[in-house]
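Worksheet: one structure, shown below.
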Amino acid sequence: MNTHNDPRDVALGLALRSDLKTFNVGAVIFDKYGIFSWGWNHWLARGEQGLISVCAERHALGIGGERLVNRRRLAGATIVVAGCKKHNGNIFLARPCEICFPFIVKFRIRKIIYTQRGGSWGEDRLY
């Protein structure tokens with residue numbers, strides 16, 4: 001459990017772990033006890049399918065069996081999604097995509113915080 005770091009800073013740091021060349025995204029999930037899950041977008045080998053891209057939000061939610069997440073803690077939690085380009089540090093709009101958003105709703109995450117162009121932060125309350 002991590003209660004000392006700002007989840008926004010952690011999400012931006014996780015974005016730098018991404019091995020995608022075009023855009024880098026990190027995601028952090030936290031509740032009143034602190035950060036309990038995180039992820040970043042990356043390539044994943046899937047047998048005959050070759051490489052597929054995994055979104056940071058899906059990685060943090062534990063979808064696809066890559067990680068185990070305490071799903072009971074997801075209900076009422078907040079997800080922070082941050083996007084920045086490694087090569088120049090520019091921050092971009094990083095709202096959850098149409099694939100990840102239904103999972104966020106399904107697991108009853110209460111709030112989404114995301115980077116906006118220019119480095120500001122946006123917020124959407126779902127419940």
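Here, A, B, ... name the chains of the structure tokens in the order displayed, residue numbers run from 1 inside each chain, and ligands are numbered from 1 in the same displayed order.
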Inset, instruction - Excluding Asn90 (chain A) and any residue of its chain fewer than 3 positions from it, enumerate the residues within 10 Å of it, using only C-alpha atoms, and give them as a PyMOL selection string. - result: chain A and resi 83-87+117-119
Write a file of the selected residues as a JSON list (two decimals), in the first residue's frame, keeping N, CA and C atoms.
```
[["chain", "number", "residue", "atom", "x", "y", "z"],
["A", 83, "GLY", "N", -0.81, 10.47, -19.72],
["A", 83, "GLY", "CA", -0.12, 10.23, -20.98],
["A", 83, "GLY", "C", 0.96, 11.26, -21.22],
["A", 84, "CYS", "N", 2.15, 10.78, -21.59],
["A", 84, "CYS", "CA", 3.24, 11.69, -21.95],
["A", 84, "CYS", "C", 4.12, 11.01, -22.99],
["A", 85, "LYS", "N", 4.73, 11.81, -23.81],
["A", 85, "LYS", "CA", 5.63, 11.28, -24.84],
["A", 85, "LYS", "C", 7.04, 11.22, -24.26],
["A", 86, "LYS", "N", 7.68, 10.04, -24.37],
["A", 86, "LYS", "CA", 9.03, 9.88, -23.82],
["A", 86, "LYS", "C", 10.03, 10.82, -24.47],
["A", 87, "HIS", "N", 9.93, 10.95, -25.79],
["A", 87, "HIS", "CA", 10.98, 11.67, -26.50],
["A", 87, "HIS", "C", 10.99, 13.18, -26.24],
["A", 117, "ARG", "N", -4.30, 17.98, -22.62],
["A", 117, "ARG", "CA", -3.23, 18.66, -23.37],
["A", 117, "ARG", "C", -2.68, 19.82, -22.56],
["A", 118, "GLY", "N", -1.38, 19.96, -22.60],
["A", 118, "GLY", "CA", -0.76, 21.09, -21.91],
["A", 118, "GLY", "C", -0.42, 20.82, -20.46],
["A", 119, "GLY", "N", -0.79, 19.66, -19.93],
["A", 119, "GLY", "CA", -0.38, 19.30, -18.58],
["A", 119, "GLY", "C", -1.41, 19.49, -17.49]]
```
Any chance you could list, as a CSV table (one decimal) with C-alpha atoms, in the first residue's frame, the residues in chain A that come up helix (DSSP H, G or I) when DSSP is run on the backbone?
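Contents of selection.csv, as written:
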```csv
chain,number,residue,atom,x,y,z
A,7,PRO,CA,-1.2,9.1,-7.7
A,8,ARG,CA,-0.8,11.6,-10.5
A,9,ASP,CA,3.0,11.6,-10.2
A,10,VAL,CA,3.0,7.8,-10.0
A,11,ALA,CA,0.9,7.5,-13.2
A,12,LEU,CA,3.2,9.9,-15.1
A,13,GLY,CA,6.2,7.9,-13.9
A,14,LEU,CA,4.6,4.6,-15.0
A,15,ALA,CA,4.0,6.0,-18.5
A,47,GLY,CA,0.9,-16.9,-29.6
A,48,GLU,CA,-0.1,-16.9,-33.2
A,49,GLN,CA,-1.6,-13.5,-32.9
A,56,ALA,CA,-2.5,1.0,-19.2
A,57,GLU,CA,-6.1,0.9,-17.7
A,58,ARG,CA,-6.6,-2.8,-18.6
A,59,HIS,CA,-3.2,-3.6,-17.2
A,60,ALA,CA,-4.1,-1.9,-13.9
A,61,LEU,CA,-7.5,-3.6,-13.8
A,71,ARG,CA,-11.4,-6.6,-7.4
A,72,ARG,CA,-13.4,-5.9,-4.2
A,73,ARG,CA,-11.3,-2.8,-3.7
A,101,PHE,CA,-14.2,2.5,-20.3
A,102,PRO,CA,-16.8,-0.3,-20.1
A,103,PHE,CA,-14.5,-2.3,-17.7
A,104,ILE,CA,-14.1,0.8,-15.5
A,105,VAL,CA,-17.9,1.1,-15.3
A,106,LYS,CA,-18.3,-2.7,-14.8
A,117,ARG,CA,-3.2,18.7,-23.4
A,118,GLY,CA,-0.8,21.1,-21.9
A,119,GLY,CA,-0.4,19.3,-18.6
```
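Closest approach to Asn5 (chain A) from the set A:Ile52, A:Val28, A:Cys100, A:Ala94 is made by A:Val28, with distances taken over only C-alpha atoms.
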Legend entry - Which of A:Phe23, A:Trp43, A:Tyr33, A:Phe92 sits closest to Leu74 (chain A) [using only C-alpha atoms]: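 Closest to Leu74 (chain A), using only C-alpha atoms: A:Tyr33.
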Legend entry - Spatial neighbours of Arg17 (chain A), 10 Å, only C-alpha atoms, chain gap at least 5 places, as a PyMOL selection string: chain A and resi 12+24-26+39-42+86
Inset, instruction - From chain A, collect each residue whose DSSP state is strand (DSSP E) and return the set as a VMD selection string. - result: chain A and resid 24 to 31 34 to 40 42 to 45 51 to 54 78 to 84 91 to 92 111 to 115 121 to 125
Legend entry - Atom-to-atom span, CA of Asp6 (chain A) and CA of Thr22 (chain A), Å: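 Between CA of Asp6 (chain A) and CA of Thr22 (chain A) the gap works out to 25.8 Å.
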Legend entry - Spatial neighbours of Arg110 (chain A), 9 Å, only C-alpha atoms, chain gap at least 2 places, as a list of chain:residue names: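 My list of contacting residues is A:Leu74, A:Ala75, A:Gly76, A:Ala77, A:Thr78, A:Ile79, A:Ile104, A:Val105, A:Arg108, A:Ile112, A:Asp124, A:Arg125, A:Leu126, A:Tyr127.
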Those same residues - N, CA and C atoms - I'd like them written as a tab-separated table (two decimals), in the first residue's frame.
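Here's the written file out.tsv:
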```tsv
chain	number	residue	atom	x	y	z
A	74	LEU	N	-11.88	-2.35	-6.09
A	74	LEU	CA	-12.12	-1.50	-7.25
A	74	LEU	C	-13.39	-0.66	-7.10
A	75	ALA	N	-14.44	-1.23	-6.53
A	75	ALA	CA	-15.70	-0.51	-6.37
A	75	ALA	C	-15.49	0.71	-5.47
A	76	GLY	N	-15.75	1.88	-6.01
A	76	GLY	CA	-15.60	3.12	-5.25
A	76	GLY	C	-14.21	3.74	-5.36
A	77	ALA	N	-13.29	3.09	-6.05
A	77	ALA	CA	-11.92	3.59	-6.17
A	77	ALA	C	-11.83	4.67	-7.25
A	78	THR	N	-10.65	5.24	-7.38
A	78	THR	CA	-10.35	6.25	-8.40
A	78	THR	C	-9.24	5.72	-9.28
A	79	ILE	N	-9.36	5.94	-10.59
A	79	ILE	CA	-8.29	5.59	-11.52
A	79	ILE	C	-7.71	6.89	-12.09
A	104	ILE	N	-14.09	-0.12	-16.67
A	104	ILE	CA	-14.07	0.82	-15.54
A	104	ILE	C	-15.47	0.93	-14.94
A	105	VAL	N	-16.47	1.01	-15.79
A	105	VAL	CA	-17.86	1.07	-15.33
A	105	VAL	C	-18.26	-0.25	-14.66
A	108	ARG	N	-17.16	-0.62	-11.23
A	108	ARG	CA	-17.72	0.44	-10.39
A	108	ARG	C	-16.67	1.39	-9.82
A	112	ILE	N	-12.59	9.07	-12.52
A	112	ILE	CA	-11.48	8.98	-13.45
A	112	ILE	C	-10.79	10.34	-13.48
A	124	ASP	N	-13.68	13.01	-14.24
A	124	ASP	CA	-15.05	12.57	-14.49
A	124	ASP	C	-15.50	11.73	-13.31
A	125	ARG	N	-16.64	12.07	-12.75
A	125	ARG	CA	-17.24	11.25	-11.69
A	125	ARG	C	-18.28	10.36	-12.31
A	126	LEU	N	-18.20	9.06	-12.03
A	126	LEU	CA	-19.13	8.10	-12.61
A	126	LEU	C	-20.28	7.77	-11.67
A	127	TYR	N	-20.03	7.78	-10.37
A	127	TYR	CA	-21.06	7.42	-9.39
A	127	TYR	C	-21.09	8.44	-8.28
```
Inset, instruction - Determine, counting only C-alpha atoms, which protein, DNA and RNA residues have an atom within 6 Å of an atom of Ile113 (chain A); residues of the same chain fewer than 4 positions away are not included. Present the result as a list in words. - result: Val80, Gly122 and Glu123 of chain A
